[in-house]
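Here is the structure we will look at, set down as structure tokens.
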Amino acid sequence: VVRRIASSIDIAAPPGRIWPFVTNIEWWPRWGLSITAVDSEAGEIFPGLSGRVRTRLGFWLPFTIGDVVAESFWDWFVGGVPATGHHLDSREGHTRVRFTAPWVVAPYKPVMTASLKELKRLVESA
């Protein structure tokens, strides 16, 4: 079992309203603060989808989508290694959105937290 770090936020919306923001690759650069562009043959994720993301540092990394559970969870591999897990947990009147990542990238936690805040802003203002 891989130990993971986590960051979460509550968003005043049901999972079904948040899901398109986290699964449509066109939205990723708007809330995912570590990436500036996405290149892939599909607009929506599915298991095995591959493509590449451009990082804030300007270089491109390949990605492959791993598991997808509709309106609940998806994860991916970036540069061939396990990357962020995206969890949507329905609660009374809101959704807890949680990002997880392998503990070896613990310095990435502030980026996950900032990305969650931006996702919340986008969803709640839409």
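Letters A, B, ... go to the chains of the structure tokens in the order shown; residues in each chain start at 1; ligands are counted from 1 in the same order.
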Notebook entry, point to check: If we count only C-alpha atoms, what is near A:Ala42 at a cut-off of 9 Å, once residues fewer than 6 positions away on the same chain are taken out, given as a list in words?
Noted result: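 Listing them by chain and then by number gives Asn24, Ile25, Leu49, Ser50 and Gly51 of chain A.
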Stretch 72-77 of chain A: which residues within 9 Å, counting only C-alpha atoms, same-chain residues fewer than 4 positions away excluded, as a PDB file with N, CA and C atoms, in the first residue's frame?
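This went into part-v2.pdb:
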```
ATOM      1  N   PRO A  15     -22.060  16.060  -6.393  1.00  0.00           N
ATOM      2  CA  PRO A  15     -20.973  15.504  -7.205  1.00  0.00           C
ATOM      3  C   PRO A  15     -21.207  15.618  -8.713  1.00  0.00           C
ATOM      4  N   GLY A  16     -22.445  15.439  -9.144  1.00  0.00           N
ATOM      5  CA  GLY A  16     -22.747  15.500 -10.581  1.00  0.00           C
ATOM      6  C   GLY A  16     -22.469  16.856 -11.205  1.00  0.00           C
ATOM      7  N   TRP A  19     -18.327  16.970 -11.194  1.00  0.00           N
ATOM      8  CA  TRP A  19     -17.662  15.966 -12.021  1.00  0.00           C
ATOM      9  C   TRP A  19     -17.183  16.496 -13.371  1.00  0.00           C
ATOM     10  N   THR A  23     -13.291  16.237 -14.872  1.00  0.00           N
ATOM     11  CA  THR A  23     -13.080  15.187 -15.879  1.00  0.00           C
ATOM     12  C   THR A  23     -12.987  15.700 -17.306  1.00  0.00           C
ATOM     13  N   ILE A  45     -12.440  12.223 -19.762  1.00  0.00           N
ATOM     14  CA  ILE A  45     -11.563  11.119 -19.378  1.00  0.00           C
ATOM     15  C   ILE A  45     -12.287   9.775 -19.442  1.00  0.00           C
ATOM     16  N   PHE A  46     -11.511   8.724 -19.615  1.00  0.00           N
ATOM     17  CA  PHE A  46     -11.953   7.342 -19.492  1.00  0.00           C
ATOM     18  C   PHE A  46     -10.708   6.515 -19.189  1.00  0.00           C
ATOM     19  N   PRO A  47     -10.871   5.327 -18.589  1.00  0.00           N
ATOM     20  CA  PRO A  47      -9.697   4.516 -18.266  1.00  0.00           C
ATOM     21  C   PRO A  47      -8.853   4.248 -19.512  1.00  0.00           C
ATOM     22  N   PRO A  62       3.827  13.038 -20.367  1.00  0.00           N
ATOM     23  CA  PRO A  62       2.737  12.154 -20.791  1.00  0.00           C
ATOM     24  C   PRO A  62       1.869  11.752 -19.600  1.00  0.00           C
ATOM     25  N   PHE A  63       0.583  11.518 -19.871  1.00  0.00           N
ATOM     26  CA  PHE A  63      -0.305  11.012 -18.824  1.00  0.00           C
ATOM     27  C   PHE A  63      -1.153   9.874 -19.364  1.00  0.00           C
ATOM     28  N   THR A  64      -1.616   9.039 -18.452  1.00  0.00           N
ATOM     29  CA  THR A  64      -2.577   7.978 -18.745  1.00  0.00           C
ATOM     30  C   THR A  64      -3.577   7.947 -17.593  1.00  0.00           C
ATOM     31  N   ILE A  65      -4.864   7.946 -17.934  1.00  0.00           N
ATOM     32  CA  ILE A  65      -5.905   7.850 -16.914  1.00  0.00           C
ATOM     33  C   ILE A  65      -5.974   6.414 -16.414  1.00  0.00           C
ATOM     34  N   GLY A  66      -6.060   6.252 -15.092  1.00  0.00           N
ATOM     35  CA  GLY A  66      -6.168   4.934 -14.465  1.00  0.00           C
ATOM     36  C   GLY A  66      -7.625   4.572 -14.245  1.00  0.00           C
ATOM     37  N   ASP A  67      -8.014   4.435 -13.002  1.00  0.00           N
ATOM     38  CA  ASP A  67      -9.386   4.063 -12.655  1.00  0.00           C
ATOM     39  C   ASP A  67     -10.313   5.269 -12.721  1.00  0.00           C
ATOM     40  N   VAL A  68     -11.549   5.010 -13.129  1.00  0.00           N
ATOM     41  CA  VAL A  68     -12.592   6.036 -13.147  1.00  0.00           C
ATOM     42  C   VAL A  68     -13.862   5.418 -12.568  1.00  0.00           C
ATOM     43  N   VAL A  81       4.392   7.599 -13.550  1.00  0.00           N
ATOM     44  CA  VAL A  81       4.304   7.305 -12.119  1.00  0.00           C
ATOM     45  C   VAL A  81       2.919   7.678 -11.580  1.00  0.00           C
ATOM     46  N   PRO A  82       2.462   6.996 -10.517  1.00  0.00           N
ATOM     47  CA  PRO A  82       1.158   7.352  -9.942  1.00  0.00           C
ATOM     48  C   PRO A  82       1.130   8.822  -9.536  1.00  0.00           C
ATOM     49  N   ALA A  83       0.036   9.489  -9.876  1.00  0.00           N
ATOM     50  CA  ALA A  83      -0.095  10.914  -9.578  1.00  0.00           C
ATOM     51  C   ALA A  83      -1.357  11.131  -8.735  1.00  0.00           C
ATOM     52  N   THR A  84      -2.045  12.220  -8.957  1.00  0.00           N
ATOM     53  CA  THR A  84      -3.158  12.638  -8.113  1.00  0.00           C
ATOM     54  C   THR A  84      -4.379  11.736  -8.257  1.00  0.00           C
ATOM     55  N   GLY A  85      -4.989  11.430  -7.109  1.00  0.00           N
ATOM     56  CA  GLY A  85      -6.312  10.821  -7.077  1.00  0.00           C
ATOM     57  C   GLY A  85      -7.322  11.916  -6.796  1.00  0.00           C
ATOM     58  N   HIS A  86      -8.460  11.868  -7.476  1.00  0.00           N
ATOM     59  CA  HIS A  86      -9.497  12.896  -7.346  1.00  0.00           C
ATOM     60  C   HIS A  86     -10.750  12.217  -6.800  1.00  0.00           C
ATOM     61  N   HIS A  87     -11.159  12.581  -5.580  1.00  0.00           N
ATOM     62  CA  HIS A  87     -12.259  11.918  -4.885  1.00  0.00           C
ATOM     63  C   HIS A  87     -13.397  12.915  -4.669  1.00  0.00           C
ATOM     64  N   LEU A  88     -14.628  12.509  -4.973  1.00  0.00           N
ATOM     65  CA  LEU A  88     -15.812  13.324  -4.706  1.00  0.00           C
ATOM     66  C   LEU A  88     -16.713  12.518  -3.782  1.00  0.00           C
ATOM     67  N   ASP A  89     -16.923  13.007  -2.569  1.00  0.00           N
ATOM     68  CA  ASP A  89     -17.735  12.319  -1.575  1.00  0.00           C
ATOM     69  C   ASP A  89     -18.961  13.164  -1.250  1.00  0.00           C
ATOM     70  N   SER A  90     -20.142  12.668  -1.601  1.00  0.00           N
ATOM     71  CA  SER A  90     -21.385  13.384  -1.356  1.00  0.00           C
ATOM     72  C   SER A  90     -21.650  13.468   0.142  1.00  0.00           C
TER      73      SER A  90
END
```
Next item on the list: Do a neighbour search on A:Arg96 at 7 Å with only C-alpha atoms, toss out local chain neighbours closer than 2 positions, and write the hits as a ChimeraX atom specification.
Entry: /A:8-11,88-91,94,98
Written file, previous selection with N, CA, C and O atoms, as a JSON list (two decimals), in the first residue's frame:
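Listed below is the output, selection-v9.json:
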```json
[["chain", "number", "residue", "atom", "x", "y", "z"],
["A", 8, "SER", "N", -8.32, 18.48, 1.12],
["A", 8, "SER", "CA", -9.74, 18.44, 0.78],
["A", 8, "SER", "C", -10.40, 19.79, 1.00],
["A", 8, "SER", "O", -9.87, 20.66, 1.69],
["A", 9, "ILE", "N", -11.58, 19.92, 0.37],
["A", 9, "ILE", "CA", -12.37, 21.14, 0.50],
["A", 9, "ILE", "C", -13.84, 20.76, 0.31],
["A", 9, "ILE", "O", -14.15, 19.78, -0.38],
["A", 10, "ASP", "N", -14.73, 21.51, 0.92],
["A", 10, "ASP", "CA", -16.17, 21.30, 0.73],
["A", 10, "ASP", "C", -16.67, 22.29, -0.31],
["A", 10, "ASP", "O", -16.36, 23.48, -0.24],
["A", 11, "ILE", "N", -17.44, 21.76, -1.26],
["A", 11, "ILE", "CA", -18.00, 22.59, -2.33],
["A", 11, "ILE", "C", -19.52, 22.48, -2.27],
["A", 11, "ILE", "O", -20.07, 21.37, -2.19],
["A", 88, "LEU", "N", -14.63, 12.51, -4.97],
["A", 88, "LEU", "CA", -15.81, 13.32, -4.71],
["A", 88, "LEU", "C", -16.71, 12.52, -3.78],
["A", 88, "LEU", "O", -17.19, 11.44, -4.15],
["A", 89, "ASP", "N", -16.92, 13.01, -2.57],
["A", 89, "ASP", "CA", -17.73, 12.32, -1.57],
["A", 89, "ASP", "C", -18.96, 13.16, -1.25],
["A", 89, "ASP", "O", -18.83, 14.25, -0.68],
["A", 90, "SER", "N", -20.14, 12.67, -1.60],
["A", 90, "SER", "CA", -21.39, 13.38, -1.36],
["A", 90, "SER", "C", -21.65, 13.47, 0.14],
["A", 90, "SER", "O", -21.51, 12.50, 0.87],
["A", 91, "ARG", "N", -22.01, 14.66, 0.58],
["A", 91, "ARG", "CA", -22.36, 14.92, 1.98],
["A", 91, "ARG", "C", -23.72, 15.61, 2.00],
["A", 91, "ARG", "O", -24.26, 15.96, 0.97],
["A", 94, "HIS", "N", -23.59, 19.26, 0.35],
["A", 94, "HIS", "CA", -22.34, 19.65, -0.30],
["A", 94, "HIS", "C", -21.56, 18.41, -0.71],
["A", 94, "HIS", "O", -22.00, 17.29, -0.47],
["A", 98, "ARG", "N", -11.56, 15.72, -2.49],
["A", 98, "ARG", "CA", -10.26, 15.41, -1.89],
["A", 98, "ARG", "C", -9.30, 14.99, -2.98],
["A", 98, "ARG", "O", -9.63, 14.17, -3.83]]
```
Next item on the list: Could you find all residues in chain A that DSSP calls helix (DSSP H, G or I) from the backbone, and write them as a ChimeraX atom specification?
Entry: /A:15-23,28-31,103-125
Go ahead and save the picked residues with N, CA and C atoms, as a short mmCIF file (atom, residue, chain, number, x, y, z; two decimals), in the first residue's frame.
```cif
data_model
loop_
_atom_site.label_atom_id
_atom_site.label_comp_id
_atom_site.auth_asym_id
_atom_site.auth_seq_id
_atom_site.Cartn_x
_atom_site.Cartn_y
_atom_site.Cartn_z
N PRO A 15 -22.06 16.06 -6.39
CA PRO A 15 -20.97 15.50 -7.20
C PRO A 15 -21.21 15.62 -8.71
N GLY A 16 -22.44 15.44 -9.14
CA GLY A 16 -22.75 15.50 -10.58
C GLY A 16 -22.47 16.86 -11.20
N ARG A 17 -22.53 17.91 -10.41
CA ARG A 17 -22.22 19.25 -10.93
C ARG A 17 -20.72 19.50 -10.96
N ILE A 18 -19.99 18.89 -10.05
CA ILE A 18 -18.54 19.07 -9.97
C ILE A 18 -17.80 18.17 -10.96
N TRP A 19 -18.33 16.97 -11.19
CA TRP A 19 -17.66 15.97 -12.02
C TRP A 19 -17.18 16.50 -13.37
N PRO A 20 -18.00 17.24 -14.14
CA PRO A 20 -17.49 17.74 -15.43
C PRO A 20 -16.27 18.66 -15.30
N PHE A 21 -16.18 19.40 -14.22
CA PHE A 21 -15.03 20.28 -14.03
C PHE A 21 -13.74 19.49 -13.86
N VAL A 22 -13.81 18.34 -13.20
CA VAL A 22 -12.61 17.56 -12.93
C VAL A 22 -12.32 16.50 -13.98
N THR A 23 -13.29 16.24 -14.87
CA THR A 23 -13.08 15.19 -15.88
C THR A 23 -12.99 15.70 -17.31
N TRP A 28 -8.97 21.53 -16.87
CA TRP A 28 -7.82 21.28 -16.01
C TRP A 28 -6.89 22.48 -15.83
N PRO A 29 -6.50 23.18 -16.90
CA PRO A 29 -5.59 24.33 -16.69
C PRO A 29 -6.24 25.48 -15.93
N ARG A 30 -7.56 25.51 -15.85
CA ARG A 30 -8.23 26.60 -15.14
C ARG A 30 -8.21 26.41 -13.63
N TRP A 31 -8.21 25.17 -13.18
CA TRP A 31 -8.15 24.94 -11.73
C TRP A 31 -6.89 24.18 -11.30
N TRP A 103 3.02 10.02 -0.99
CA TRP A 103 3.68 10.83 0.05
C TRP A 103 5.04 11.35 -0.40
N VAL A 104 5.68 10.69 -1.37
CA VAL A 104 7.00 11.15 -1.81
C VAL A 104 6.93 12.52 -2.48
N VAL A 105 5.73 12.96 -2.84
CA VAL A 105 5.57 14.31 -3.41
C VAL A 105 4.89 15.24 -2.41
N ALA A 106 5.16 15.04 -1.13
CA ALA A 106 4.56 15.86 -0.08
C ALA A 106 4.68 17.36 -0.33
N PRO A 107 5.79 17.85 -0.92
CA PRO A 107 5.85 19.29 -1.20
C PRO A 107 4.77 19.78 -2.18
N TYR A 108 4.09 18.84 -2.85
CA TYR A 108 3.03 19.19 -3.79
C TYR A 108 1.72 19.53 -3.08
N LYS A 109 1.61 19.24 -1.79
CA LYS A 109 0.35 19.46 -1.07
C LYS A 109 -0.16 20.90 -1.16
N PRO A 110 0.66 21.94 -1.02
CA PRO A 110 0.13 23.30 -1.18
C PRO A 110 -0.46 23.56 -2.58
N VAL A 111 0.08 22.93 -3.59
CA VAL A 111 -0.47 23.07 -4.95
C VAL A 111 -1.85 22.40 -5.01
N MET A 112 -1.98 21.23 -4.39
CA MET A 112 -3.28 20.56 -4.35
C MET A 112 -4.31 21.43 -3.63
N THR A 113 -3.91 22.01 -2.51
CA THR A 113 -4.81 22.85 -1.73
C THR A 113 -5.24 24.08 -2.54
N ALA A 114 -4.30 24.74 -3.19
CA ALA A 114 -4.62 25.92 -4.01
C ALA A 114 -5.51 25.53 -5.20
N SER A 115 -5.26 24.38 -5.80
CA SER A 115 -6.07 23.91 -6.92
C SER A 115 -7.50 23.63 -6.47
N LEU A 116 -7.66 23.04 -5.30
CA LEU A 116 -9.01 22.80 -4.76
C LEU A 116 -9.75 24.11 -4.53
N LYS A 117 -9.07 25.12 -4.01
CA LYS A 117 -9.71 26.42 -3.80
C LYS A 117 -10.16 27.03 -5.12
N GLU A 118 -9.35 26.89 -6.16
CA GLU A 118 -9.72 27.40 -7.47
C GLU A 118 -10.88 26.61 -8.05
N LEU A 119 -10.87 25.28 -7.89
CA LEU A 119 -11.99 24.45 -8.35
C LEU A 119 -13.28 24.89 -7.65
N LYS A 120 -13.23 25.10 -6.35
CA LYS A 120 -14.40 25.55 -5.60
C LYS A 120 -14.93 26.88 -6.15
N ARG A 121 -14.02 27.80 -6.40
CA ARG A 121 -14.42 29.11 -6.94
C ARG A 121 -15.12 28.95 -8.28
N LEU A 122 -14.56 28.12 -9.16
CA LEU A 122 -15.15 27.91 -10.50
C LEU A 122 -16.51 27.26 -10.42
N VAL A 123 -16.62 26.21 -9.63
CA VAL A 123 -17.91 25.48 -9.52
C VAL A 123 -18.97 26.37 -8.91
N GLU A 124 -18.64 27.03 -7.82
CA GLU A 124 -19.66 27.81 -7.10
C GLU A 124 -20.03 29.10 -7.82
N SER A 125 -19.22 29.55 -8.77
CA SER A 125 -19.57 30.76 -9.53
C SER A 125 -20.21 30.43 -10.87
#
```
Check: How many Å lie between atom CA of A:Val78 and atom CA of A:Ser7, rounded to one decimal?
Finding: 18.9 Å
Checklist line | Residue nearest A:Arg54 among A:Phe99, A:Gly32, A:Glu41, A:Val69 (counting only C-alpha atoms) | finding: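 Using only C-alpha atoms, A:Arg54 sits closest to A:Gly32.
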Note to self: Please compute the atom CA of A:Ser40-atom CA of A:Val2 distance, one decimal, in Å.
What the structure shows: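 Interatomic distance here is 28.0 Å.
The spacing separating atom CA of A:Gly80 from atom CA of A:Ala101 amounts to 14.0 Å.
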Next item on the list: From the DSSP assignment of the backbone, select every residue of chain A that is strand (DSSP E), and format the answer as a PyMOL selection string.
Entry: chain A and resi 4-11+35-40+50-55+60-69+73-78+81-91+94-102
